[in-house]
file start.cif (mmCIF, C-alpha atoms)
data_start
#
loop_
_atom_site.group_PDB
_atom_site.id
_atom_site.type_symbol
_atom_site.label_atom_id
_atom_site.label_comp_id
_atom_site.auth_asym_id
_atom_site.auth_seq_id
_atom_site.Cartn_x
_atom_site.Cartn_y
_atom_site.Cartn_z
ATOM 1 C CA MET K 1 3.858 -16.993 -4.649
ATOM 2 C CA PRO K 2 3.006 -17.669 -0.987
ATOM 3 C CA ARG K 3 6.198 -16.140 0.354
ATOM 4 C CA ARG K 4 5.653 -12.872 -1.453
ATOM 5 C CA ALA K 5 1.968 -12.826 -0.504
ATOM 6 C CA GLY K 6 3.008 -13.226 3.134
ATOM 7 C CA LYS K 7 5.426 -10.338 2.793
ATOM 8 C CA LEU K 8 2.721 -8.070 1.375
ATOM 9 C CA ASP K 9 0.381 -9.144 4.205
ATOM 10 C CA LEU K 10 2.936 -7.919 6.740
ATOM 11 C CA THR K 11 3.742 -4.749 4.793
ATOM 12 C CA PHE K 12 0.130 -3.651 4.477
ATOM 13 C CA GLN K 13 -0.636 -4.672 8.063
ATOM 14 C CA ALA K 14 2.308 -2.582 9.261
ATOM 15 C CA LEU K 15 1.077 0.404 7.241
ATOM 16 C CA ALA K 16 -2.530 0.135 8.487
ATOM 17 C CA ASP K 17 -1.697 2.218 11.544
ATOM 18 C CA PRO K 18 -1.139 6.015 11.512
ATOM 19 C CA THR K 19 1.698 5.936 14.074
ATOM 20 C CA ARG K 20 3.605 3.324 12.089
ATOM 21 C CA ARG K 21 3.042 5.247 8.839
ATOM 22 C CA ARG K 22 4.392 8.406 10.465
ATOM 23 C CA MET K 23 7.435 6.442 11.652
ATOM 24 C CA VAL K 24 8.080 5.286 8.069
ATOM 25 C CA GLU K 25 7.567 8.890 6.887
ATOM 26 C CA ARG K 26 10.165 10.026 9.428
ATOM 27 C CA LEU K 27 12.617 7.289 8.375
ATOM 28 C CA SER K 28 12.178 8.052 4.678
ATOM 29 C CA ARG K 29 13.846 11.399 5.524
ATOM 30 C CA GLY K 30 16.779 9.638 7.205
ATOM 31 C CA GLN K 31 17.742 7.216 9.969
ATOM 32 C CA ALA K 32 16.676 7.880 13.563
ATOM 33 C CA SER K 33 17.144 6.495 17.048
ATOM 34 C CA VAL K 34 14.298 5.049 19.108
ATOM 35 C CA SER K 35 14.136 8.196 21.250
ATOM 36 C CA GLU K 36 14.014 10.452 18.175
ATOM 37 C CA LEU K 37 11.224 8.274 16.770
ATOM 38 C CA ALA K 38 9.345 8.337 20.097
ATOM 39 C CA ARG K 39 9.585 12.126 20.590
ATOM 40 C CA PRO K 40 6.432 13.208 18.644
ATOM 41 C CA TYR K 41 4.161 10.768 20.487
ATOM 42 C CA ALA K 42 2.484 10.850 23.883
ATOM 43 C CA MET K 43 2.978 7.095 24.069
ATOM 44 C CA SER K 44 4.813 4.750 26.420
ATOM 45 C CA LEU K 45 8.229 3.522 25.290
ATOM 46 C CA PRO K 46 7.020 -0.132 25.214
ATOM 47 C CA ALA K 47 4.208 0.904 22.835
ATOM 48 C CA ILE K 48 6.746 2.708 20.593
ATOM 49 C CA VAL K 49 9.051 -0.314 20.680
ATOM 50 C CA GLN K 50 6.151 -2.599 19.750
ATOM 51 C CA HIS K 51 5.282 -0.434 16.717
ATOM 52 C CA LEU K 52 8.941 -0.470 15.659
ATOM 53 C CA ALA K 53 9.133 -4.254 16.119
ATOM 54 C CA MET K 54 6.127 -4.685 13.844
ATOM 55 C CA LEU K 55 7.686 -2.403 11.219
ATOM 56 C CA GLU K 56 10.931 -4.342 11.470
ATOM 57 C CA SER K 57 9.270 -7.765 11.149
ATOM 58 C CA SER K 58 7.463 -6.504 8.016
ATOM 59 C CA GLY K 59 10.869 -5.676 6.526
ATOM 60 C CA LEU K 60 9.954 -1.999 6.001
ATOM 61 C CA VAL K 61 12.664 -0.884 8.418
ATOM 62 C CA SER K 62 15.837 -2.359 9.859
ATOM 63 C CA SER K 63 17.750 -1.477 13.002
ATOM 64 C CA GLU K 64 21.247 -1.626 14.364
ATOM 65 C CA LYS K 65 22.341 -1.237 17.964
ATOM 66 C CA VAL K 66 25.612 0.538 18.718
ATOM 67 C CA GLY K 67 26.359 0.831 22.415
ATOM 68 C CA ARG K 68 23.035 1.707 24.021
ATOM 69 C CA VAL K 69 21.524 3.391 20.968
ATOM 70 C CA ARG K 70 19.351 1.492 18.501
ATOM 71 C CA THR K 71 19.090 3.250 15.130
ATOM 72 C CA PHE K 72 16.358 2.556 12.600
ATOM 73 C CA ARG K 73 16.538 2.863 8.812
ATOM 74 C CA MET K 74 13.977 2.521 6.050
ATOM 75 C CA VAL K 75 14.399 -0.491 3.739
ATOM 76 C CA PRO K 76 13.269 0.817 0.321
ATOM 77 C CA ALA K 77 12.925 -2.696 -1.192
ATOM 78 C CA ALA K 78 9.891 -3.479 0.997
ATOM 79 C CA LEU K 79 8.181 -0.288 -0.126
ATOM 80 C CA SER K 80 8.998 -1.188 -3.749
ATOM 81 C CA LEU K 81 7.220 -4.536 -3.433
ATOM 82 C CA ALA K 82 4.019 -2.810 -2.290
ATOM 83 C CA GLU K 83 4.395 -0.090 -4.937
ATOM 84 C CA LYS K 84 4.710 -2.792 -7.569
ATOM 85 C CA TRP K 85 1.408 -4.305 -6.476
ATOM 86 C CA PHE K 86 -0.291 -0.928 -7.033
ATOM 87 C CA ASP K 87 1.476 -0.450 -10.369
ATOM 88 C CA GLN K 88 0.166 -3.828 -11.558
ATOM 89 C CA ARG K 89 -3.406 -2.964 -10.510
ATOM 90 C CA ARG K 90 -3.167 0.384 -12.298
ATOM 91 C CA ALA K 91 -1.783 -1.294 -15.448
ATOM 92 C CA GLN K 92 -4.664 -3.810 -15.454
ATOM 93 C CA TRP K 93 -7.174 -1.044 -14.861
ATOM 94 C CA GLU K 94 -5.766 1.061 -17.700
ATOM 95 C CA GLN K 95 -5.689 -1.928 -20.082
ATOM 96 C CA ARG K 96 -9.330 -2.417 -19.275
ATOM 97 C CA LEU K 97 -10.113 1.242 -20.052
ATOM 98 C CA ASP K 98 -8.184 0.905 -23.344
ATOM 99 C CA ARG K 99 -10.250 -2.137 -24.291
ATOM 100 C CA LEU K 100 -13.439 -0.268 -23.420
ATOM 101 C CA GLY K 101 -12.260 2.688 -25.525
ATOM 102 C CA GLU K 102 -11.527 0.385 -28.499
ATOM 103 C CA HIS K 103 -14.922 -1.199 -28.098
ATOM 104 C CA LEU K 104 -16.662 2.195 -28.062
ATOM 105 C CA LYS K 105 -14.759 3.244 -31.214
ATOM 106 C CA ARG K 106 -15.861 0.100 -33.044
ATOM 107 C CA PHE K 107 -19.443 0.224 -31.798
ATOM 108 C CA PRO K 108 -20.121 3.927 -31.169
ATOM 109 C CA ASP K 109 -23.897 3.428 -31.086
ATOM 110 C CA GLY K 110 -23.793 0.366 -28.842
ATOM 111 C CA GLU K 111 -23.435 -3.215 -29.880
ATOM 112 C CA PRO K 112 -26.618 -5.213 -30.560
ATOM 113 C CA GLU K 113 -26.899 -7.830 -27.792
ATOM 114 C CA MET I 1 -5.519 14.979 8.343
ATOM 115 C CA PRO I 2 -7.334 12.486 10.595
ATOM 116 C CA ARG I 3 -9.995 11.675 7.998
ATOM 117 C CA ARG I 4 -7.428 10.786 5.358
ATOM 118 C CA ALA I 5 -5.318 8.834 7.856
ATOM 119 C CA GLY I 6 -8.430 6.820 8.726
ATOM 120 C CA LYS I 7 -9.002 6.094 5.054
ATOM 121 C CA LEU I 8 -5.436 4.837 4.604
ATOM 122 C CA ASP I 9 -5.823 2.704 7.758
ATOM 123 C CA LEU I 10 -8.811 0.969 6.184
ATOM 124 C CA THR I 11 -7.184 0.687 2.756
ATOM 125 C CA PHE I 12 -4.001 -0.949 4.052
ATOM 126 C CA GLN I 13 -5.964 -3.156 6.460
ATOM 127 C CA ALA I 14 -8.158 -4.334 3.582
ATOM 128 C CA LEU I 15 -5.048 -5.110 1.504
ATOM 129 C CA ALA I 16 -3.294 -7.022 4.297
ATOM 130 C CA ASP I 17 -5.080 -10.232 3.327
ATOM 131 C CA PRO I 18 -4.204 -12.358 0.252
ATOM 132 C CA THR I 19 -7.850 -13.231 -0.555
ATOM 133 C CA ARG I 20 -8.884 -9.589 -0.508
ATOM 134 C CA ARG I 21 -5.865 -8.605 -2.628
ATOM 135 C CA ARG I 22 -6.797 -11.250 -5.187
ATOM 136 C CA MET I 23 -10.351 -9.907 -5.233
ATOM 137 C CA VAL I 24 -9.034 -6.411 -5.982
ATOM 138 C CA GLU I 25 -6.769 -7.946 -8.666
ATOM 139 C CA ARG I 26 -9.825 -9.624 -10.218
ATOM 140 C CA LEU I 27 -11.843 -6.382 -10.089
ATOM 141 C CA SER I 28 -9.026 -4.336 -11.612
ATOM 142 C CA ARG I 29 -9.648 -6.448 -14.753
ATOM 143 C CA GLY I 30 -13.371 -5.617 -14.703
ATOM 144 C CA GLN I 31 -16.537 -5.813 -12.618
ATOM 145 C CA ALA I 32 -17.732 -9.153 -11.234
ATOM 146 C CA SER I 33 -20.658 -10.655 -9.346
ATOM 147 C CA VAL I 34 -20.318 -12.187 -5.877
ATOM 148 C CA SER I 35 -20.475 -15.715 -7.318
ATOM 149 C CA GLU I 36 -17.759 -14.911 -9.907
ATOM 150 C CA LEU I 37 -15.606 -13.486 -7.125
ATOM 151 C CA ALA I 38 -16.245 -16.529 -4.906
ATOM 152 C CA ARG I 39 -15.468 -19.124 -7.597
ATOM 153 C CA PRO I 40 -11.647 -19.429 -7.129
ATOM 154 C CA TYR I 41 -11.929 -19.997 -3.366
ATOM 155 C CA ALA I 42 -12.772 -23.033 -1.263
ATOM 156 C CA MET I 43 -14.468 -20.726 1.207
ATOM 157 C CA SER I 44 -17.990 -20.352 2.568
ATOM 158 C CA LEU I 45 -20.190 -17.681 0.993
ATOM 159 C CA PRO I 46 -20.443 -15.790 4.327
ATOM 160 C CA ALA I 47 -16.633 -15.618 4.483
ATOM 161 C CA ILE I 48 -16.516 -14.286 0.904
ATOM 162 C CA VAL I 49 -19.240 -11.738 1.702
ATOM 163 C CA GLN I 50 -17.312 -10.614 4.781
ATOM 164 C CA HIS I 51 -14.137 -10.030 2.739
ATOM 165 C CA LEU I 52 -16.149 -8.067 0.186
ATOM 166 C CA ALA I 53 -17.817 -6.023 2.946
ATOM 167 C CA MET I 54 -14.389 -5.111 4.315
ATOM 168 C CA LEU I 55 -13.178 -4.102 0.852
ATOM 169 C CA GLU I 56 -16.318 -2.028 0.357
ATOM 170 C CA SER I 57 -16.021 -0.253 3.724
ATOM 171 C CA SER I 58 -12.414 0.640 2.851
ATOM 172 C CA GLY I 59 -13.688 2.334 -0.325
ATOM 173 C CA LEU I 60 -11.504 0.145 -2.584
ATOM 174 C CA VAL I 61 -14.580 -1.398 -4.227
ATOM 175 C CA SER I 62 -18.230 -0.484 -4.606
ATOM 176 C CA SER I 63 -21.225 -2.669 -5.335
ATOM 177 C CA GLU I 64 -24.663 -2.403 -6.897
ATOM 178 C CA LYS I 65 -27.511 -4.881 -6.614
ATOM 179 C CA VAL I 66 -29.766 -5.426 -9.620
ATOM 180 C CA GLY I 67 -32.451 -8.025 -9.042
ATOM 181 C CA ARG I 68 -30.735 -10.814 -7.119
ATOM 182 C CA VAL I 69 -27.227 -10.134 -8.451
ATOM 183 C CA ARG I 70 -24.764 -7.895 -6.600
ATOM 184 C CA THR I 71 -21.965 -6.655 -8.853
ATOM 185 C CA PHE I 72 -18.657 -5.293 -7.540
ATOM 186 C CA ARG I 73 -16.392 -2.700 -9.146
ATOM 187 C CA MET I 74 -12.968 -1.358 -8.262
ATOM 188 C CA VAL I 75 -12.847 2.307 -7.147
ATOM 189 C CA PRO I 76 -9.532 3.604 -8.540
ATOM 190 C CA ALA I 77 -9.523 6.734 -6.316
ATOM 191 C CA ALA I 78 -8.916 4.632 -3.175
ATOM 192 C CA LEU I 79 -5.923 2.939 -4.814
ATOM 193 C CA SER I 80 -4.620 6.372 -5.876
ATOM 194 C CA LEU I 81 -4.628 7.602 -2.287
ATOM 195 C CA ALA I 82 -2.420 4.681 -1.213
ATOM 196 C CA GLU I 83 -0.196 5.047 -4.285
ATOM 197 C CA LYS I 84 0.264 8.714 -3.420
ATOM 198 C CA TRP I 85 1.511 7.772 0.042
ATOM 199 C CA PHE I 86 4.187 5.539 -1.552
ATOM 200 C CA ASP I 87 5.091 8.240 -4.083
ATOM 201 C CA GLN I 88 5.654 10.719 -1.255
ATOM 202 C CA ARG I 89 7.891 8.277 0.633
ATOM 203 C CA ARG I 90 9.889 7.570 -2.519
ATOM 204 C CA ALA I 91 10.249 11.322 -3.196
ATOM 205 C CA GLN I 92 11.522 11.927 0.348
ATOM 206 C CA TRP I 93 13.886 8.980 0.081
ATOM 207 C CA GLU I 94 15.294 10.205 -3.234
ATOM 208 C CA GLN I 95 15.695 13.762 -1.928
ATOM 209 C CA ARG I 96 17.678 12.288 0.902
ATOM 210 C CA LEU I 97 19.923 10.365 -1.513
ATOM 211 C CA ASP I 98 20.412 13.558 -3.546
ATOM 212 C CA ARG I 99 21.478 15.434 -0.417
ATOM 213 C CA LEU I 100 23.875 12.617 0.497
ATOM 214 C CA GLY I 101 25.283 12.715 -3.051
ATOM 215 C CA GLU I 102 25.790 16.492 -2.833
ATOM 216 C CA HIS I 103 27.480 16.068 0.496
ATOM 217 C CA LEU I 104 29.840 13.398 -0.857
ATOM 218 C CA LYS I 105 30.735 15.648 -3.822
ATOM 219 C CA ARG I 106 31.595 18.528 -1.486
ATOM 220 C CA PHE I 107 33.458 16.374 1.031
ATOM 221 C CA PRO I 108 34.839 13.428 -0.986
ATOM 222 C CA ASP I 109 37.296 12.462 1.733
ATOM 223 C CA GLY I 110 34.821 12.771 4.565
ATOM 224 C CA GLU I 111 34.018 15.821 6.590
ATOM 225 C CA PRO I 112 36.042 16.544 9.730
ATOM 226 C CA GLU I 113 33.660 16.120 12.686
#
call {"tool": "encode", "arguments": {"input": "start.cif", "output": "structure tokens"}}
result
Amino acid sequence: MPRRAGKLDLTFQALADPTRRRMVERLSRGQASVSELARPYAMSLPAIVQHLAMLESSGLVSSEKVGRVRTFRMVPAALSLAEKWFDQRRAQWEQRLDRLGEHLKRFPDGEPE
Amino acid sequence: MPRRAGKLDLTFQALADPTRRRMVERLSRGQASVSELARPYAMSLPAIVQHLAMLESSGLVSSEKVGRVRTFRMVPAALSLAEKWFDQRRAQWEQRLDRLGEHLKRFPDGEPE
């Protein structure tokens, strides 16, 4: 699954920065223009645009330009892929706890080694 | 919440690499020694140790050395923090869809602007 692994690389890399996470938080409440996205930050426009480009190349957001205004949207599918990775880890972890629980029920006083 | 943001930075950065994700996958099935963790990879031991150090500094895993063997464990709390971030985004996204749905019910033919 190299393609999917690559996608998760980009997703997690995009989310490893607080500004980019806040941009995704903003977009999960609805679409926004570049200037709306830039407003909360004391940051140059090129820096904002670079963060947005990284989010877009990860697939977490998409954009559309109408006239002079570029509008960004969240792409929920990219978030789902990352969520799924966590769900799988949790499922494995819980299976492991279940097996430990079973083991403790069968050998409550410890198993002779 | 700068402290928590920093923690998520490290968590997502640690997960942005396929080798480190596979290590977490392995550890979510149970603890493992450095040599068990290294086995699937054609990679130098220092490279393996560096990946593990990055995972450990992110809080996703912890380790304990007994004699000459260092054993790694997953720390589920660090995964939970990241999962929570995704849950919050999903909740916001779904609230937004609900509001859109409400709006469409009230104005099925589109609202005059």
call {"tool": "interface_residues", "arguments": {"input": "start.cif", "of": "chain K", "to": "chain I", "cutoff": "9 Å", "atoms": "all atoms listed in the file", "output": "VMD selection string"}}
result
chain K and resid 5 to 6 8 to 18 24 to 25 27 to 30 74 76 79 to 80 82 to 83 86 to 96
call {"tool": "write_last_selection", "arguments": {"input": "start.cif", "atoms": "C-alpha atoms", "output": "mmCIF file, in the frame of the given file"}}
result
data_model
loop_
_atom_site.group_PDB
_atom_site.id
_atom_site.type_symbol
_atom_site.label_atom_id
_atom_site.label_comp_id
_atom_site.auth_asym_id
_atom_site.auth_seq_id
_atom_site.Cartn_x
_atom_site.Cartn_y
_atom_site.Cartn_z
ATOM 1 C CA ALA K 5 1.968 -12.826 -0.504
ATOM 2 C CA GLY K 6 3.008 -13.226 3.134
ATOM 3 C CA LEU K 8 2.721 -8.070 1.375
ATOM 4 C CA ASP K 9 0.381 -9.144 4.205
ATOM 5 C CA LEU K 10 2.936 -7.919 6.740
ATOM 6 C CA THR K 11 3.742 -4.749 4.793
ATOM 7 C CA PHE K 12 0.130 -3.651 4.477
ATOM 8 C CA GLN K 13 -0.636 -4.672 8.063
ATOM 9 C CA ALA K 14 2.308 -2.582 9.261
ATOM 10 C CA LEU K 15 1.077 0.404 7.241
ATOM 11 C CA ALA K 16 -2.530 0.135 8.487
ATOM 12 C CA ASP K 17 -1.697 2.218 11.544
ATOM 13 C CA PRO K 18 -1.139 6.015 11.512
ATOM 14 C CA VAL K 24 8.080 5.286 8.069
ATOM 15 C CA GLU K 25 7.567 8.890 6.887
ATOM 16 C CA LEU K 27 12.617 7.289 8.375
ATOM 17 C CA SER K 28 12.178 8.052 4.678
ATOM 18 C CA ARG K 29 13.846 11.399 5.524
ATOM 19 C CA GLY K 30 16.779 9.638 7.205
ATOM 20 C CA MET K 74 13.977 2.521 6.050
ATOM 21 C CA PRO K 76 13.269 0.817 0.321
ATOM 22 C CA LEU K 79 8.181 -0.288 -0.126
ATOM 23 C CA SER K 80 8.998 -1.188 -3.749
ATOM 24 C CA ALA K 82 4.019 -2.810 -2.290
ATOM 25 C CA GLU K 83 4.395 -0.090 -4.937
ATOM 26 C CA PHE K 86 -0.291 -0.928 -7.033
ATOM 27 C CA ASP K 87 1.476 -0.450 -10.369
ATOM 28 C CA GLN K 88 0.166 -3.828 -11.558
ATOM 29 C CA ARG K 89 -3.406 -2.964 -10.510
ATOM 30 C CA ARG K 90 -3.167 0.384 -12.298
ATOM 31 C CA ALA K 91 -1.783 -1.294 -15.448
ATOM 32 C CA GLN K 92 -4.664 -3.810 -15.454
ATOM 33 C CA TRP K 93 -7.174 -1.044 -14.861
ATOM 34 C CA GLU K 94 -5.766 1.061 -17.700
ATOM 35 C CA GLN K 95 -5.689 -1.928 -20.082
ATOM 36 C CA ARG K 96 -9.330 -2.417 -19.275
#
call {"tool": "calpha_fit_and_write", "arguments": {"input": "start.cif", "fixed": "chain I", "moving": "chain K", "output": "short mmCIF file (atom, residue, chain, number, x, y, z; two decimals) with C-alpha atoms, in the frame of the given file"}}
result
data_model
loop_
_atom_site.label_atom_id
_atom_site.label_comp_id
_atom_site.auth_asym_id
_atom_site.auth_seq_id
_atom_site.Cartn_x
_atom_site.Cartn_y
_atom_site.Cartn_z
CA MET K 1 -5.55 15.02 8.31
CA PRO K 2 -7.38 12.52 10.55
CA ARG K 3 -10.00 11.66 7.96
CA ARG K 4 -7.44 10.78 5.33
CA ALA K 5 -5.33 8.86 7.86
CA GLY K 6 -8.43 6.83 8.74
CA LYS K 7 -9.02 6.10 5.08
CA LEU K 8 -5.46 4.84 4.62
CA ASP K 9 -5.84 2.70 7.77
CA LEU K 10 -8.82 0.96 6.19
CA THR K 11 -7.18 0.68 2.76
CA PHE K 12 -4.02 -0.94 4.07
CA GLN K 13 -5.98 -3.15 6.47
CA ALA K 14 -8.15 -4.33 3.58
CA LEU K 15 -5.05 -5.11 1.50
CA ALA K 16 -3.29 -7.02 4.31
CA ASP K 17 -5.07 -10.22 3.34
CA PRO K 18 -4.21 -12.35 0.26
CA THR K 19 -7.84 -13.22 -0.55
CA ARG K 20 -8.87 -9.56 -0.50
CA ARG K 21 -5.86 -8.59 -2.63
CA ARG K 22 -6.79 -11.25 -5.18
CA MET K 23 -10.35 -9.91 -5.22
CA VAL K 24 -9.02 -6.41 -5.99
CA GLU K 25 -6.75 -7.94 -8.66
CA ARG K 26 -9.80 -9.62 -10.20
CA LEU K 27 -11.83 -6.38 -10.08
CA SER K 28 -9.02 -4.33 -11.61
CA ARG K 29 -9.64 -6.45 -14.74
CA GLY K 30 -13.36 -5.62 -14.70
CA GLN K 31 -16.53 -5.81 -12.61
CA ALA K 32 -17.73 -9.15 -11.23
CA SER K 33 -20.64 -10.66 -9.35
CA VAL K 34 -20.30 -12.18 -5.89
CA SER K 35 -20.46 -15.70 -7.33
CA GLU K 36 -17.76 -14.92 -9.91
CA LEU K 37 -15.60 -13.48 -7.12
CA ALA K 38 -16.24 -16.53 -4.90
CA ARG K 39 -15.48 -19.12 -7.60
CA PRO K 40 -11.66 -19.42 -7.12
CA TYR K 41 -11.93 -19.99 -3.36
CA ALA K 42 -12.76 -23.03 -1.26
CA MET K 43 -14.46 -20.70 1.20
CA SER K 44 -17.99 -20.35 2.56
CA LEU K 45 -20.17 -17.67 0.99
CA PRO K 46 -20.45 -15.77 4.32
CA ALA K 47 -16.63 -15.61 4.49
CA ILE K 48 -16.51 -14.28 0.89
CA VAL K 49 -19.22 -11.74 1.69
CA GLN K 50 -17.31 -10.61 4.78
CA HIS K 51 -14.13 -10.04 2.74
CA LEU K 52 -16.14 -8.06 0.18
CA ALA K 53 -17.80 -6.01 2.94
CA MET K 54 -14.39 -5.09 4.31
CA LEU K 55 -13.17 -4.09 0.84
CA GLU K 56 -16.31 -2.03 0.34
CA SER K 57 -16.03 -0.24 3.70
CA SER K 58 -12.41 0.65 2.84
CA GLY K 59 -13.70 2.33 -0.33
CA LEU K 60 -11.51 0.15 -2.59
CA VAL K 61 -14.57 -1.39 -4.23
CA SER K 62 -18.23 -0.48 -4.61
CA SER K 63 -21.23 -2.66 -5.35
CA GLU K 64 -24.64 -2.41 -6.91
CA LYS K 65 -27.49 -4.88 -6.65
CA VAL K 66 -29.73 -5.44 -9.66
CA GLY K 67 -32.42 -8.04 -9.08
CA ARG K 68 -30.71 -10.82 -7.15
CA VAL K 69 -27.21 -10.14 -8.47
CA ARG K 70 -24.76 -7.91 -6.61
CA THR K 71 -21.94 -6.65 -8.85
CA PHE K 72 -18.66 -5.30 -7.54
CA ARG K 73 -16.38 -2.70 -9.14
CA MET K 74 -12.97 -1.34 -8.27
CA VAL K 75 -12.86 2.30 -7.14
CA PRO K 76 -9.53 3.59 -8.54
CA ALA K 77 -9.52 6.72 -6.32
CA ALA K 78 -8.91 4.64 -3.17
CA LEU K 79 -5.94 2.93 -4.80
CA SER K 80 -4.63 6.36 -5.87
CA LEU K 81 -4.63 7.60 -2.28
CA ALA K 82 -2.44 4.68 -1.18
CA GLU K 83 -0.22 5.04 -4.26
CA LYS K 84 0.27 8.69 -3.39
CA TRP K 85 1.50 7.75 0.07
CA PHE K 86 4.17 5.53 -1.51
CA ASP K 87 5.08 8.21 -4.05
CA GLN K 88 5.64 10.71 -1.23
CA ARG K 89 7.87 8.26 0.68
CA ARG K 90 9.88 7.57 -2.47
CA ALA K 91 10.25 11.32 -3.17
CA GLN K 92 11.51 11.93 0.39
CA TRP K 93 13.87 8.98 0.13
CA GLU K 94 15.27 10.20 -3.20
CA GLN K 95 15.68 13.77 -1.90
CA ARG K 96 17.66 12.30 0.94
CA LEU K 97 19.90 10.36 -1.47
CA ASP K 98 20.39 13.56 -3.51
CA ARG K 99 21.47 15.43 -0.39
CA LEU K 100 23.86 12.62 0.50
CA GLY K 101 25.25 12.71 -3.05
CA GLU K 102 25.77 16.50 -2.84
CA HIS K 103 27.47 16.07 0.50
CA LEU K 104 29.82 13.40 -0.87
CA LYS K 105 30.70 15.64 -3.84
CA ARG K 106 31.58 18.53 -1.52
CA PHE K 107 33.45 16.39 0.99
CA PRO K 108 34.77 13.44 -1.05
CA ASP K 109 37.29 12.46 1.63
CA GLY K 110 34.85 12.75 4.53
CA GLU K 111 34.05 15.81 6.53
CA PRO K 112 36.11 16.49 9.68
CA GLU K 113 33.77 16.01 12.66
#
call {"tool": "resolve_selection", "arguments": {"input": "start.cif", "expression": "the PyMOL selection byres ((chain K and resi 33-43) around 8)", "output": "PyMOL selection string"}}
result
chain K and resi 23+26+31-32+44-45+47-49+69-72
call {"tool": "residues_near_point", "arguments": {"input": "start.cif", "point": "(-11.9, -7.1, 4.6)", "cutoff": "7 Å", "atoms": "all atoms listed in the file", "output": "MDAnalysis selection string"}}
result
chainID I and resid 14 20 50:55
call {"tool": "write_last_selection", "arguments": {"input": "start.cif", "atoms": "C-alpha atoms", "output": "PDB file, in the coordinates of the input"}}
result
ATOM      1  CA  ALA I  14      -8.158  -4.334   3.582  1.00  0.00           C
ATOM      2  CA  ARG I  20      -8.884  -9.589  -0.508  1.00  0.00           C
ATOM      3  CA  GLN I  50     -17.312 -10.614   4.781  1.00  0.00           C
ATOM      4  CA  HIS I  51     -14.137 -10.030   2.739  1.00  0.00           C
ATOM      5  CA  LEU I  52     -16.149  -8.067   0.186  1.00  0.00           C
ATOM      6  CA  ALA I  53     -17.817  -6.023   2.946  1.00  0.00           C
ATOM      7  CA  MET I  54     -14.389  -5.111   4.315  1.00  0.00           C
ATOM      8  CA  LEU I  55     -13.178  -4.102   0.852  1.00  0.00           C
TER       9      LEU I  55
END
call {"tool": "atom_distance", "arguments": {"input": "start.cif", "atom1": "CA of Leu60 (chain I)", "atom2": "CA of Arg73 (chain I)"}}
result
8.7 Å
call {"tool": "atom_distance", "arguments": {"input": "start.cif", "atom1": "CA of Arg99 (chain I)", "atom2": "CA of Glu56 (chain K)"}}
result
25.4 Å
call {"tool": "atom_distance", "arguments": {"input": "start.cif", "atom1": "CA of Ala78 (chain K)", "atom2": "CA of Ser58 (chain K)"}}
result
8.0 Å
